[in-house]
Number of protein chains: 2
Amino acid sequence: MSLRHAVLGMLADAPGSGYDLLKRFETAMANVWSATQSQLYGELGKLEKAGMIKVAEEGPRGRKEYAITDEGRAELRAWLLDPAPRPVRRSETLLRVYFLGEVSPVQAREYVRRQGESAEELNRHLASIDEEVDWDDSDAALFGRLVLEWGKRYAAMEQDWADWAVGEIRAARG
Amino acid sequence: MSLRHAVLGMLADAPGSGYDLLKRFETAMANVWSATQSQLYGELGKLEKAGMIKVAEEGPRGRKEYAITDEGRAELRAWLLDPAPRPVRRSETLLRVYFLGEVSPVQAREYVRRQGESAEELNRHLASIDEEVDWDDSDAALFGRLVLEWGKRYAAMEQDWADWAVGEIRAARG
DNA sequence: GTTGGACATGTCAATAGTGGAAGGTAAGAT
DNA sequence: ATCTTACCTTCCACTATTGACATGTCCAAC
């Protein structure tokens with residue numbers, strides 16, 4: 001149930017409408033969590049019913065600006081400190097690698113090579129975000145930077161791994 | 001729809017019953033994909049109906065040993081070579097980090113520190129698997145080793161990141 | 001003045017995934 | 001003999017996620 005907490009977290013930062021939050025899911029949050037519009041509006045409804053958020057202001061075009069309530073903030077804090085079990089990893093990419101024996105060594109190598117390229121692209125993308133953002137000394141900036149750095153390290157790791165893996169396949173299968 | 005391909009991949013390697021596959025999801029595959037029993041038996045039914053697998057042998061205790069069919073193998077190959085879009089990342093852990101401004105700096109640091117420990121544990125776990133497994137020169141061994149190495153690099157990356165992040169929080173918030 | 005694009009919410013059907021209950025068989029150990 | 005443990009499948013209720021469709025409003029440019 002993390003969508004719930006993603007929404008609470010964003011509203012704890014600043015009030016906003018479903019539409020506002022959707023934009024954030026598409027940009028700043030995209031590296032961390034994603035949600036579609038249908039999911040989001042559904043969750044906003046549930047959160048309001050549960051008293052964790054409330055409509056703070058109604059704007060034009062039916063806009064409803066939600067704000068977090070004390071109950072919501074309490075729930076968010078509790079979740080933040082709750083020691084979560086290591087999440088199950090589910091990687092379609094790795095799943096493919098695991099079964100690459102089904103195709104030819106050349107195709108396998110090509111697949112891994114493309115993974116490396118994709119990681120490189122991700123790295124560039126994250127670096128450009130880093131440059132664009134004006135990192136002030138707010139909490140949002142501090143922790144946003146930590147998350148971005150995680151992404152950069154992740155992408156770099158995948159790139160290195162792909163280079164290494166291509167070599168391993170070549171060494172083992174010519 | 002990757003569960004489908006995980007099942008096909010395992011059956012391409014060797015025939016097996018739902019129960020057999022379940023064991024593999026809990027062990028060798030656990031770092032790559034997971035599935036529960038209800039999902040698995042449901043998927044086996046669908047795959048059989050679709051003609052991608054068939055019951056090769058019935059054993060004691062209602063055991064049904066499934067084998068992949070030519071259609072199934074074709075589907076698996078097609079999927080392996082299909083260039084997948086970079087999957088959306090969804091990390092509950094990073095989501096928490098992103099909102100750590102909601103709790104005290106000490107609590108935030110503690111949370112990140114625990115992440116690092118958890119990564120260390122994962123690393124040890126993967127290293128022990130590496131030692132236990134007898135890596136022959138089969139395809140399964142080659143690609144299994146690549147996947148395991150990915151996991152080790154991932155865990156090492158998380159550990160390093162956590163150490164660095166603890167320092168950053170301390171530097172910014174005392 | 002109308003048109004196109006950004007803003008804004010809502011609902012639906014379908015698929016995917018979780019967790020647990022229920023029901024049963026075979027084999028080996030004592 | 002019986003008992004325990006491992007083996008094996010099926011079903012159900014619930015939540016999460018996707019993608020598409022429907023419906024409308026405000027604003028700026030032309």
# chains A, B, ... in the order shown; residues from 1 in each chain; ligands from 1
>>> calpha_fit_and_write(fixed="chain A", moving="chain B", output="PDB file with C-alpha atoms, in the first residue's frame")
ATOM      1  CA  MET B   1       0.045   0.022   0.066  1.00  0.00           C
ATOM      2  CA  SER B   2       2.735   2.484  -0.862  1.00  0.00           C
ATOM      3  CA  LEU B   3       0.720   4.554  -3.275  1.00  0.00           C
ATOM      4  CA  ARG B   4      -1.165   5.765  -0.226  1.00  0.00           C
ATOM      5  CA  HIS B   5       2.067   6.885   1.389  1.00  0.00           C
ATOM      6  CA  ALA B   6       3.429   8.431  -1.756  1.00  0.00           C
ATOM      7  CA  VAL B   7       0.301  10.594  -1.887  1.00  0.00           C
ATOM      8  CA  LEU B   8       0.494  11.452   1.798  1.00  0.00           C
ATOM      9  CA  GLY B   9       4.155  12.336   1.428  1.00  0.00           C
ATOM     10  CA  MET B  10       3.546  14.706  -1.434  1.00  0.00           C
ATOM     11  CA  LEU B  11       0.639  16.372   0.332  1.00  0.00           C
ATOM     12  CA  ALA B  12       2.757  16.670   3.479  1.00  0.00           C
ATOM     13  CA  ASP B  13       5.175  18.678   1.373  1.00  0.00           C
ATOM     14  CA  ALA B  14       2.499  20.904  -0.148  1.00  0.00           C
ATOM     15  CA  PRO B  15      -1.257  20.788  -0.816  1.00  0.00           C
ATOM     16  CA  GLY B  16      -2.356  19.965  -4.338  1.00  0.00           C
ATOM     17  CA  SER B  17      -5.045  18.573  -6.601  1.00  0.00           C
ATOM     18  CA  GLY B  18      -5.082  15.145  -8.182  1.00  0.00           C
ATOM     19  CA  TYR B  19      -3.834  16.749 -11.326  1.00  0.00           C
ATOM     20  CA  ASP B  20      -0.923  18.380  -9.513  1.00  0.00           C
ATOM     21  CA  LEU B  21       0.073  15.102  -7.945  1.00  0.00           C
ATOM     22  CA  LEU B  22      -0.180  13.358 -11.271  1.00  0.00           C
ATOM     23  CA  LYS B  23       2.373  15.781 -12.707  1.00  0.00           C
ATOM     24  CA  ARG B  24       4.700  15.028  -9.824  1.00  0.00           C
ATOM     25  CA  PHE B  25       4.331  11.303 -10.418  1.00  0.00           C
ATOM     26  CA  GLU B  26       5.395  11.932 -13.983  1.00  0.00           C
ATOM     27  CA  THR B  27       8.410  14.046 -13.119  1.00  0.00           C
ATOM     28  CA  ALA B  28      10.159  14.299  -9.760  1.00  0.00           C
ATOM     29  CA  MET B  29       8.701  11.103  -8.348  1.00  0.00           C
ATOM     30  CA  ALA B  30       9.091   9.070 -11.512  1.00  0.00           C
ATOM     31  CA  ASN B  31      12.340   7.511 -10.351  1.00  0.00           C
ATOM     32  CA  VAL B  32      10.818   6.415  -7.109  1.00  0.00           C
ATOM     33  CA  TRP B  33       7.192   5.552  -7.624  1.00  0.00           C
ATOM     34  CA  SER B  34       4.641   5.798 -10.391  1.00  0.00           C
ATOM     35  CA  ALA B  35       0.887   5.874 -10.512  1.00  0.00           C
ATOM     36  CA  THR B  36      -1.747   6.253 -13.145  1.00  0.00           C
ATOM     37  CA  GLN B  37      -4.551   8.715 -13.029  1.00  0.00           C
ATOM     38  CA  SER B  38      -7.196   6.108 -12.269  1.00  0.00           C
ATOM     39  CA  GLN B  39      -5.243   4.796  -9.340  1.00  0.00           C
ATOM     40  CA  LEU B  40      -4.527   8.242  -8.038  1.00  0.00           C
ATOM     41  CA  TYR B  41      -8.065   9.620  -8.017  1.00  0.00           C
ATOM     42  CA  GLY B  42      -9.288   6.423  -6.441  1.00  0.00           C
ATOM     43  CA  GLU B  43      -6.716   6.660  -3.709  1.00  0.00           C
ATOM     44  CA  LEU B  44      -7.499  10.317  -3.054  1.00  0.00           C
ATOM     45  CA  GLY B  45     -11.126   9.344  -2.510  1.00  0.00           C
ATOM     46  CA  LYS B  46     -10.162   6.602  -0.085  1.00  0.00           C
ATOM     47  CA  LEU B  47      -7.753   8.819   1.813  1.00  0.00           C
ATOM     48  CA  GLU B  48     -10.379  11.501   2.184  1.00  0.00           C
ATOM     49  CA  LYS B  49     -12.910   9.002   3.433  1.00  0.00           C
ATOM     50  CA  ALA B  50     -10.343   7.761   5.924  1.00  0.00           C
ATOM     51  CA  GLY B  51      -9.816  11.310   7.156  1.00  0.00           C
ATOM     52  CA  MET B  52      -6.142  11.413   6.246  1.00  0.00           C
ATOM     53  CA  ILE B  53      -6.547  14.223   3.761  1.00  0.00           C
ATOM     54  CA  LYS B  54      -9.248  16.834   3.247  1.00  0.00           C
ATOM     55  CA  VAL B  55     -10.353  19.208   0.538  1.00  0.00           C
ATOM     56  CA  ALA B  56      -8.744  22.459   1.567  1.00  0.00           C
ATOM     57  CA  GLU B  57      -9.986  24.536  -1.324  1.00  0.00           C
ATOM     58  CA  GLU B  58     -12.101  24.150  -4.434  1.00  0.00           C
ATOM     59  CA  GLY B  59     -10.856  25.842  -7.533  1.00  0.00           C
ATOM     60  CA  PRO B  60     -11.980  26.354 -11.116  1.00  0.00           C
ATOM     61  CA  ARG B  61     -12.761  23.351 -13.367  1.00  0.00           C
ATOM     62  CA  GLY B  62     -13.837  21.243 -10.445  1.00  0.00           C
ATOM     63  CA  ARG B  63     -10.366  21.404  -9.022  1.00  0.00           C
ATOM     64  CA  LYS B  64     -10.132  20.068  -5.493  1.00  0.00           C
ATOM     65  CA  GLU B  65      -7.040  20.992  -3.619  1.00  0.00           C
ATOM     66  CA  TYR B  66      -6.270  18.410  -0.977  1.00  0.00           C
ATOM     67  CA  ALA B  67      -4.294  18.985   2.196  1.00  0.00           C
ATOM     68  CA  ILE B  68      -2.966  16.444   4.624  1.00  0.00           C
ATOM     69  CA  THR B  69      -4.650  16.210   8.039  1.00  0.00           C
ATOM     70  CA  ASP B  70      -3.032  15.474  11.383  1.00  0.00           C
ATOM     71  CA  GLU B  71      -4.200  11.881  11.123  1.00  0.00           C
ATOM     72  CA  GLY B  72      -2.599  11.652   7.692  1.00  0.00           C
ATOM     73  CA  ARG B  73       0.669  13.058   8.929  1.00  0.00           C
ATOM     74  CA  ALA B  74       0.679  10.613  11.822  1.00  0.00           C
ATOM     75  CA  GLU B  75       0.129   7.734   9.425  1.00  0.00           C
ATOM     76  CA  LEU B  76       2.958   8.969   7.212  1.00  0.00           C
ATOM     77  CA  ARG B  77       5.393   9.232  10.113  1.00  0.00           C
ATOM     78  CA  ALA B  78       4.463   5.781  11.373  1.00  0.00           C
ATOM     79  CA  TRP B  79       5.045   4.320   7.938  1.00  0.00           C
ATOM     80  CA  LEU B  80       8.376   6.095   7.551  1.00  0.00           C
ATOM     81  CA  LEU B  81       9.689   4.540  10.733  1.00  0.00           C
ATOM     82  CA  ASP B  82       8.174   1.138  10.176  1.00  0.00           C
ATOM     83  CA  PRO B  83      10.977  -1.310   9.407  1.00  0.00           C
ATOM     84  CA  ALA B  84       9.891  -2.814   6.096  1.00  0.00           C
ATOM     85  CA  PRO B  85      10.997  -6.280   5.088  1.00  0.00           C
ATOM     86  CA  ARG B  86      13.370  -6.315   2.149  1.00  0.00           C
ATOM     87  CA  PRO B  87      10.986  -6.107  -0.806  1.00  0.00           C
ATOM     88  CA  VAL B  88      10.867  -9.009  -3.243  1.00  0.00           C
ATOM     89  CA  ARG B  89      12.857  -8.160  -6.279  1.00  0.00           C
ATOM     90  CA  ARG B  90      11.062  -8.594  -9.568  1.00  0.00           C
ATOM     91  CA  SER B  91      13.054  -7.621 -12.579  1.00  0.00           C
ATOM     92  CA  GLU B  92      11.842  -8.396 -16.045  1.00  0.00           C
ATOM     93  CA  THR B  93      15.275  -7.510 -17.341  1.00  0.00           C
ATOM     94  CA  LEU B  94      17.075 -10.006 -15.129  1.00  0.00           C
ATOM     95  CA  LEU B  95      14.425 -12.589 -15.843  1.00  0.00           C
ATOM     96  CA  ARG B  96      15.343 -12.330 -19.494  1.00  0.00           C
ATOM     97  CA  VAL B  97      19.035 -12.593 -18.726  1.00  0.00           C
ATOM     98  CA  TYR B  98      18.351 -15.694 -16.713  1.00  0.00           C
ATOM     99  CA  PHE B  99      16.874 -17.414 -19.761  1.00  0.00           C
ATOM    100  CA  LEU B 100      19.191 -16.076 -22.436  1.00  0.00           C
ATOM    101  CA  GLY B 101      20.473 -19.609 -23.018  1.00  0.00           C
ATOM    102  CA  GLU B 102      17.385 -20.036 -25.198  1.00  0.00           C
ATOM    103  CA  VAL B 103      18.756 -17.729 -27.870  1.00  0.00           C
ATOM    104  CA  SER B 104      22.084 -17.615 -29.670  1.00  0.00           C
ATOM    105  CA  PRO B 105      25.192 -16.252 -27.922  1.00  0.00           C
ATOM    106  CA  VAL B 106      25.251 -13.356 -30.363  1.00  0.00           C
ATOM    107  CA  GLN B 107      21.656 -12.463 -29.576  1.00  0.00           C
ATOM    108  CA  ALA B 108      22.316 -12.843 -25.879  1.00  0.00           C
ATOM    109  CA  ARG B 109      25.283 -10.521 -26.030  1.00  0.00           C
ATOM    110  CA  GLU B 110      23.317  -8.041 -28.033  1.00  0.00           C
ATOM    111  CA  TYR B 111      20.558  -8.074 -25.438  1.00  0.00           C
ATOM    112  CA  VAL B 112      22.968  -7.386 -22.596  1.00  0.00           C
ATOM    113  CA  ARG B 113      24.729  -4.708 -24.595  1.00  0.00           C
ATOM    114  CA  ARG B 114      21.425  -2.924 -25.127  1.00  0.00           C
ATOM    115  CA  GLN B 115      20.782  -3.069 -21.400  1.00  0.00           C
ATOM    116  CA  GLY B 116      24.067  -1.305 -20.859  1.00  0.00           C
ATOM    117  CA  GLU B 117      23.126   1.384 -23.330  1.00  0.00           C
ATOM    118  CA  SER B 118      19.806   1.862 -21.686  1.00  0.00           C
ATOM    119  CA  ALA B 119      21.521   2.297 -18.327  1.00  0.00           C
ATOM    120  CA  GLU B 120      23.856   4.850 -19.880  1.00  0.00           C
ATOM    121  CA  GLU B 121      20.884   6.780 -21.120  1.00  0.00           C
ATOM    122  CA  LEU B 122      19.290   6.702 -17.687  1.00  0.00           C
ATOM    123  CA  ASN B 123      22.507   7.974 -16.226  1.00  0.00           C
ATOM    124  CA  ARG B 124      22.596  10.899 -18.632  1.00  0.00           C
ATOM    125  CA  HIS B 125      18.966  11.637 -17.891  1.00  0.00           C
ATOM    126  CA  LEU B 126      19.559  11.722 -14.148  1.00  0.00           C
ATOM    127  CA  ALA B 127      22.666  13.845 -14.578  1.00  0.00           C
ATOM    128  CA  SER B 128      20.667  16.385 -16.537  1.00  0.00           C
ATOM    129  CA  ILE B 129      18.045  16.521 -13.802  1.00  0.00           C
ATOM    130  CA  ASP B 130      20.811  17.081 -11.287  1.00  0.00           C
ATOM    131  CA  GLU B 131      22.062  20.037 -13.270  1.00  0.00           C
ATOM    132  CA  GLU B 132      18.653  21.575 -13.793  1.00  0.00           C
ATOM    133  CA  VAL B 133      17.507  21.401 -10.213  1.00  0.00           C
ATOM    134  CA  ASP B 134      18.449  24.177  -7.874  1.00  0.00           C
ATOM    135  CA  TRP B 135      19.407  22.334  -4.696  1.00  0.00           C
ATOM    136  CA  ASP B 136      18.668  24.606  -1.783  1.00  0.00           C
ATOM    137  CA  ASP B 137      19.104  23.545   1.816  1.00  0.00           C
ATOM    138  CA  SER B 138      15.526  22.323   2.363  1.00  0.00           C
ATOM    139  CA  ASP B 139      14.678  18.808   3.482  1.00  0.00           C
ATOM    140  CA  ALA B 140      13.116  18.152   0.111  1.00  0.00           C
ATOM    141  CA  ALA B 141      16.387  19.068  -1.589  1.00  0.00           C
ATOM    142  CA  LEU B 142      18.526  17.054   0.794  1.00  0.00           C
ATOM    143  CA  PHE B 143      16.537  13.855   0.454  1.00  0.00           C
ATOM    144  CA  GLY B 144      15.768  14.420  -3.208  1.00  0.00           C
ATOM    145  CA  ARG B 145      19.507  14.583  -3.797  1.00  0.00           C
ATOM    146  CA  LEU B 146      20.042  11.332  -1.917  1.00  0.00           C
ATOM    147  CA  VAL B 147      17.445   9.597  -4.055  1.00  0.00           C
ATOM    148  CA  LEU B 148      18.899  11.000  -7.247  1.00  0.00           C
ATOM    149  CA  GLU B 149      22.345   9.834  -6.260  1.00  0.00           C
ATOM    150  CA  TRP B 150      20.951   6.364  -5.662  1.00  0.00           C
ATOM    151  CA  GLY B 151      19.608   6.379  -9.193  1.00  0.00           C
ATOM    152  CA  LYS B 152      22.931   7.494 -10.636  1.00  0.00           C
ATOM    153  CA  ARG B 153      24.811   4.803  -8.772  1.00  0.00           C
ATOM    154  CA  TYR B 154      22.257   2.248  -9.875  1.00  0.00           C
ATOM    155  CA  ALA B 155      22.628   3.233 -13.505  1.00  0.00           C
ATOM    156  CA  ALA B 156      26.421   3.203 -13.271  1.00  0.00           C
ATOM    157  CA  MET B 157      26.303  -0.234 -11.692  1.00  0.00           C
ATOM    158  CA  GLU B 158      24.141  -1.574 -14.495  1.00  0.00           C
ATOM    159  CA  GLN B 159      26.448  -0.138 -17.109  1.00  0.00           C
ATOM    160  CA  ASP B 160      29.511  -1.725 -15.553  1.00  0.00           C
ATOM    161  CA  TRP B 161      27.709  -4.996 -15.120  1.00  0.00           C
ATOM    162  CA  ALA B 162      26.592  -5.042 -18.741  1.00  0.00           C
ATOM    163  CA  ASP B 163      30.133  -4.438 -19.985  1.00  0.00           C
ATOM    164  CA  TRP B 164      31.421  -7.207 -17.774  1.00  0.00           C
ATOM    165  CA  ALA B 165      28.599  -9.587 -18.742  1.00  0.00           C
ATOM    166  CA  VAL B 166      29.188  -9.096 -22.467  1.00  0.00           C
ATOM    167  CA  GLY B 167      32.796 -10.111 -21.876  1.00  0.00           C
ATOM    168  CA  GLU B 168      31.755 -13.175 -19.906  1.00  0.00           C
ATOM    169  CA  ILE B 169      29.402 -14.363 -22.618  1.00  0.00           C
ATOM    170  CA  ARG B 170      32.053 -13.835 -25.251  1.00  0.00           C
ATOM    171  CA  ALA B 171      34.621 -15.709 -23.184  1.00  0.00           C
ATOM    172  CA  ALA B 172      32.296 -18.654 -22.594  1.00  0.00           C
ATOM    173  CA  ARG B 173      30.586 -18.888 -25.984  1.00  0.00           C
ATOM    174  CA  GLY B 174      32.967 -17.254 -28.405  1.00  0.00           C
TER     175      GLY B 174
END
>>> residues_around(residues="C:DG20", least_positions_apart="2", cutoff="10 Å", atoms="only C-alpha atoms (C1' of nucleotides)", output="list in words")
DT18 and DA22 of chain C; DC12 and DA13 of chain D
>>> interface_residues(of="chain C", to="chain B", cutoff="12 Å", atoms="only C-alpha atoms (C1' of nucleotides)", output="ChimeraX atom specification")
/C:15-21,23-27
>>> write_last_selection(atoms="C-alpha atoms (C1' of nucleotides)", output="compact mmCIF listing (two decimals), in the first residue's frame")
# COMPACT_ATOMS: atom_id res chain seq x y z
C1' DT C 15 -5.10 -8.19 -15.60
C1' DA C 16 -1.75 -9.05 -11.88
C1' DG C 17 -0.52 -10.12 -7.35
C1' DT C 18 -1.27 -11.40 -2.16
C1' DG C 19 -2.55 -14.33 1.54
C1' DG C 20 -4.86 -17.82 3.30
C1' DA C 21 -8.08 -21.74 3.72
C1' DG C 23 -8.48 -30.84 1.00
C1' DG C 24 -6.02 -34.45 -0.17
C1' DT C 25 -1.94 -38.34 -1.08
C1' DA C 26 2.61 -40.80 -0.46
C1' DA C 27 6.61 -42.15 2.01
>>> atom_distance(atom1="atom C1' of D:DT17", atom2="atom C1' of C:DA14")
10.4 Å
>>> select_by_dssp(residues="stretch 59-123 of chain B", states="strand (DSSP E or B)", output="PyMOL selection string")
chain B and resi 64-68
>>> atom_distance(atom1="atom C1' of D:DT18", atom2="atom C1' of C:DG4")
28.2 Å
>>> closest_atom_pairs(of="chain D", to="chain B", cutoff="8 Å", atoms="only C-alpha atoms (C1' of nucleotides)", output="JSON lines")
{"residue": "D:DC7", "atom": "C1'", "partner": "B:Arg61", "partner_atom": "CA", "distance": 7.3}
{"residue": "D:DC8", "atom": "C1'", "partner": "B:Arg63", "partner_atom": "CA", "distance": 6.0}
{"residue": "D:DT9", "atom": "C1'", "partner": "B:Gly62", "partner_atom": "CA", "distance": 7.3}
>>> write_last_selection(atoms="C-alpha atoms (C1' of nucleotides)", output="compact mmCIF listing (two decimals), in the first residue's frame")
# COMPACT_ATOMS: atom_id res chain seq x y z
C1' DC D 7 4.17 -33.29 -1.53
C1' DC D 8 0.41 -31.40 -4.46
C1' DT D 9 -3.65 -28.91 -6.22
>>> select_by_dssp(residues="stretch 100-171 of chain B", states="alpha helix (DSSP H)", output="ChimeraX atom specification")
/B:105-132,139-171
>>> atom_distance(atom1="atom C1' of C:DT2", atom2="atom C1' of D:DC21")
25.7 Å
